[in-house]
Amino acid sequence: MSQPSQPSPQTAEHQRLEQDRTGQRAWKRWGPYLAERAWGTVREDYSASGDAWNALPHDHARSRAYRWNEDGLLGVSDDGGRLCLALALWNGQDPILKERLYGLSGNEGNHGEDVKEYYAYLDSTPTHSYMKALYRYPQRAFPYQALLDGNRGRGKDVGEYELIDTGIFDDNRYWDIEIEYAKAAPDDLLMRVTAHNRGPQSAQLHLLPTLWFRNTWSWHPASETDSPARPRIRPDGAGRLRADHPELGARWLAFDPGSGEALLCENETNRARLYGLPNPSQTAKDGFHEYLIGGRQQAVRRDEGSKAALHVLLSVPAGESRSVQVRLSDQGLADPLADFSAVLDARKTEADAFYAALQPAALSADERNVQRQAFAGMLWSKQFYSYDVEQWLRGDPAGPAPPDERKAGRNRDWVTLHTSDVLSMPDKWEYPWFAAWDLAFHAVPLAQIDPEFAKRQLELLTREWYQHPNGQIPAYEWSFSDVNPPVHAWAALRVYQIEKKHHGRSDRAFLERLFHKLLLNFTWWVNRKDAEGRNVFQGGFLGLDNISVFDRSAPLPGGGHLEQADGTAWMGMFCLNMLKIALELAGDNSAYQDIASKFFEHFLHIARALNHLGDRLGEDSMSLWDEQDEFYYDQLRAPNGGCTRLRVRSMVGLIPLLAVETLEPADLARLPVFGARVEWLLGQRPDLANLVSRWAEPGVGNRHLLALARGHRMKRVLARMLDEGEFLSSGGVRSLSRHHDAFPYEIATEGNVNRIEYQPAESRSGLFGGNSNWRGPIWFPINYLLIESLQRFHHYYGDDFRVECPTGSGQKLTLGQTADELSRRLINLFLNDASGRRPVFGEVERFQTDPHWHDQIPFHEYFHGDTGAGLGAAHQTGWTGLVAKLLQQQGGRRGREQAAPPGSAVKDIAAES
């Protein structure tokens with residue numbers, strides 16, 4: 001059980017969070033749990049080839065009922081994804097009713113899949129009592145074909161052809177569509193849509209707030225006794241629709257009866273359009289599209305359906321705005337719109353109060369805006385995710401039998417995975433599915449505002465309906481068996497520490513549950529990824545996609561295998577995280593002292609393998625540390641036993657820095673069994689102690705250091721990392737050294753030359769889909785871990801240990817100051833510089849200079865290695881949302897420095913959470 005909360009800011013939103021946490025009121029039952037894209041996903045792919053993009057393309061999405069999830073434009077749903085509310089638009093010119101965001105599939109974009117729309121998540125509270133988002137809709141016909149042709153005609157060596165490149169916004173003929181949601185009660189949701197005409201002339205807009213049920217009934221024969229009952233939506237008097245669901249009960253959608261007309265249809269596949277077959281019902285999913293754009297009166301009904309919309313036609317003069325209000329409630333309110341504005345304004349004011357209590361006073365207005373939008377993006381990126389792999393492989397009773405090829409295809413070994421949960425997504429359009437290591441990073445900034453949700457996310461992936469019986473944590477739906485870095489233990493410990501410090505609760509039950517499941521995962525790593533028992537770990541691409549000269553997840557040319565510096569270092573970090581958790585739990589249960597000593601010893605053996613691989617008796621191998629270059633490298637072990645060091649200066653060689661922890665004297669004093677075991681082990685194996693732990697040299701506060709990279713090697717790796725000619729850029733640490741711009745690395749195998757060079761922007765190859773690039777750009781997750789590691793090193797070494805930063809500058813900084821410098825560089829990607837330009841916007845002048853665009857911050861997947869311009873997925877406020885945590889740290893530190901007496905020391909960040 002969690003300990004009782006300590007006094008904390010008691011804003012209305014804090015009270016809602018507490019009511020939800022204790023089960024008094026389910027404030028999170030409704031939220032932004034609707035995907036931005038369900039088409040082109042693995043879940044909806046029932047093909048023999050496994051080509052998910054073509055199995056259900058964008059052109060089918062408006063007409064075909066989804067099997068597993070729904071999508072919509074900036075919408076909401078209940079936490080079971082049963083009833084959805086979103087927006088549809090038509091400008092009178094488009095060939096398609098705008099019910100969902102458009103983008104190119106992985107096969108169509110010159111750098112893989114990419115959403116070709118502009119939208120922003122502007123605000124949200126953790127309980128979604130208030131939310132705000134913005135969508136930009138052109139007033140002319142949306143350029144679907146131009147975007148498709150423009151990108152297909154480009155090679156991988158040039159940038160992507162974006163919506164703004166088509167010129168459709170040049171004369172400001174577009175709508176800013178502002179969507180706000182507010183809760184009067186847990187099951188009483190208000191939606192206000194405001195259309196701002198930014199154009200030079202009056203314009204018309206068809207606006208359709210749309211309510212519909214996820215189709216759960218078409219997949220079972222109607223004769224089955226357990227076939228789900230079909231939910232219905234029917235008119236219920238003037239200005240009201242009633243939606244009845246066998247599980248949710250009754251809900252009412254209320255609106256101004258004079259604002260427009262109510263339309264109804266079925267959320268069922270239009271078989272006639274897609275397959276030339278008769279439709280089972282009079283209307284289909286695309287009924288509103290057919291009615292408005294096709295002019296087919298019979299495409300909609302007025303009496304009942306499973307999908308409904310309020311059709312409003314707005315005429316808005318140039319520069320003016322018009323709003324539409326609807327209210328979805330579990331009560332048939334007598335006058336549902338009477339207090340609408342008062343409730344919405346109150347929730348907005350409460351959202352301001354919540355963030356005012358959270359954000360450090362020392363943050364500037366620009367920094368506050370960036371942090372609040374980072375949190376908004378993370379909160380909007382929650383999604384209901386449904387996927388029963390066994391059912392998916394077998395097919396549905398009412399559907400055709402799946403092709404035999406699927407029995408040997410994707411995810412066939414994951415029949416125990418059965419998800420039906422709200423999960424934190426990397427990006428609800430480009431990545432509308434959970435990713436294991438992404439989610440671990442999401443949990444850390446989320447813990448600042450909603451630790452219960454952060455803990456739930458980490459717990460879910462280790463529950464028996466996610467985690468494989470063999471202990472593996474599922475990676476992502478394209479291949480659950482892919483291997484992501486083992487960062488869940490780190491995330492669990494950090495979330496525990498953040499909740500303890502900032503929310504006054506030490507949830508040891510959470511930590512203990514995660515620890516036991518992570519023991520299974522640790523064992524899986526040891527048994528599956530260290531086949532030779534040498535404490536040298538593989539793992540394939542390990543989330544770093546194209547970072548190697550080879551595809552590390554594919555069979556290597558000429559056979560053999562890679563001995564991976566990053567795989568081995570990740571396991572060293574995993575050991576230390578588990579050690580720290582065990583020590584924390586040992587405070588209540590001394591049995592954990594034994595397992596803490598096990599992880600201590602295992603860490604030492606991993607450290608020996610990383611730094612002195614060839615020292616074992618009878619072993620002919622090289623160390624993963626290169627004395628000549630003073631850097632860590634992967635090496636290729638051939639079938640004949642020969643080794644080739646892959647001299648690629650990449651983040652692979654920086655990851656050993658991440659495995660660092662300090663042990664406090666108090667830890668050893670209060671845990672005598674652990675302390676005695678450690679002293680015995682180090683007395684028996686002084687070679688191991690001298691290699692990594694500096695056990696005989698206590699640091700500041702007499703604490704001890706455990707690190708894979710000892711003092712000299714750590715300094716030499718940092719010299720490269722902090723060199724602006726290699727890794728250090730104005731926006732953070734690059735994923736590949738700029739050294740490889742002038743000196744590409746090449747290796748010849750089987751008559752072919754494999755080559756890797758510095759590529760600071762998008763990938764120039766199709767490796768891993770070609771939609772991400774680890775050959776030069778800046779990525780937040782590893783940068784964030786490097787900052788934390790520098791803080792821990794500083795916690796041990798103190799202020800007397802200094803490094804040159806940047807390398808060659810003559811400026812000597814403590815490791816804590818170096819961490820601060822990296823933090824500032826990452827934060828500055830989003831902030832206005834001295835000329836009022838944000839690096840994230842690159843050279844797009846409208847973004848940089850138009851006041852309607854400039855302060856809406858995109859949190860990209862990665863960033864240009866030289867300029868800091870945003871690249872990849874544009875709404876990756878999953879791990880890029882870590883900037884919110886950096887801002888919290890830097891703002892807090894700045895405030896303490898301002899308040900401290902002159903000459904007094906400020907506690908280092910590593911001592912905090």
# chains A, B, ... in the order shown; residues from 1 in each chain; ligands from 1

$ residues_around --residues "A:Leu636" --least-positions-apart "3" --cutoff "10 Å" --atoms "only C-alpha atoms" --output "MDAnalysis selection string"
chainID A and resid 556 559:564 633 639 641:646

$ residues_around --residues "stretch 510-516 of chain A" --least-positions-apart "4" --cutoff "7 Å" --atoms "only C-alpha atoms" --output "list in words"
Glu459, Ala492, Tyr496 and Leu520 of chain A

$ residues_around --residues "A:Cys805" --least-positions-apart "4" --cutoff "8 Å" --atoms "only C-alpha atoms" --output "list in words"
Leu722, Asp723, Ser809, Gly810, Gln811, Lys812, Leu813 and Thr818 of chain A

$ write_last_selection --atoms "N, CA, C and O atoms" --output "compact mmCIF listing (two decimals), in the first residue's frame"
# COMPACT_ATOMS: atom_id res chain seq x y z
N LEU A 722 32.06 15.39 -25.80
CA LEU A 722 31.96 16.83 -25.63
C LEU A 722 32.73 17.61 -26.69
O LEU A 722 32.87 18.83 -26.60
N ASP A 723 33.18 16.91 -27.71
CA ASP A 723 33.90 17.53 -28.82
C ASP A 723 32.88 17.95 -29.89
O ASP A 723 32.17 17.11 -30.43
N SER A 809 37.94 23.88 -25.68
CA SER A 809 37.54 25.26 -25.41
C SER A 809 38.37 25.91 -24.32
O SER A 809 38.38 27.14 -24.19
N GLY A 810 39.02 25.11 -23.50
CA GLY A 810 39.73 25.63 -22.34
C GLY A 810 38.84 25.85 -21.13
O GLY A 810 39.33 26.18 -20.05
N GLN A 811 37.53 25.66 -21.29
CA GLN A 811 36.58 25.85 -20.19
C GLN A 811 36.44 24.56 -19.40
O GLN A 811 36.08 23.52 -19.96
N LYS A 812 36.73 24.62 -18.12
CA LYS A 812 36.65 23.44 -17.27
C LYS A 812 35.36 23.50 -16.44
O LYS A 812 35.11 24.48 -15.74
N LEU A 813 34.56 22.44 -16.55
CA LEU A 813 33.30 22.35 -15.83
C LEU A 813 33.27 21.12 -14.94
O LEU A 813 33.90 20.09 -15.26
N THR A 818 28.47 20.16 -16.47
CA THR A 818 28.40 19.58 -17.82
C THR A 818 27.01 19.03 -18.10
O THR A 818 26.47 19.21 -19.20

$ select_by_dssp --residues "stretch 835-888 of chain A" --states "strand (DSSP E or B)" --output "list in words"
Phe859, Tyr862, Phe863, Gly870, Leu871 and His875 of chain A

$ residues_around --residues "stretch 599-602 of chain A" --least-positions-apart "3" --cutoff "7 Å" --atoms "only C-alpha atoms" --output "list of chain:residue names"
A:Cys575, A:Met578, A:Leu579, A:Ile595, A:Ala596, A:His605, A:Ile606

$ atom_distance --atom1 "atom CA of A:Trp680" --atom2 "atom CA of A:Phe574"
23.1 Å

$ closest_residue --among "A:Gly399, A:Gly40, A:Pro901, A:Gly878" --to "A:Pro781" --atoms "only C-alpha atoms"
A:Gly878

$ closest_residue --among "A:Gly103, A:Tyr46, A:Ala361, A:Arg528" --to "A:Arg894" --atoms "only C-alpha atoms"
A:Ala361

$ closest_residue --among "A:Arg734, A:Arg637, A:His289, A:Lys132" --to "A:Pro95" --atoms "only C-alpha atoms"
A:His289

$ select_by_dssp --residues "stretch 349-385 of chain A" --states "helix (DSSP H, G or I)" --output "MDAnalysis selection string"
chainID A and resid 349:358 365:380

$ closest_residue --among "A:Pro557, A:Pro858, A:Gly567, A:Gly836" --to "A:Ile747" --atoms "only C-alpha atoms"
A:Pro557
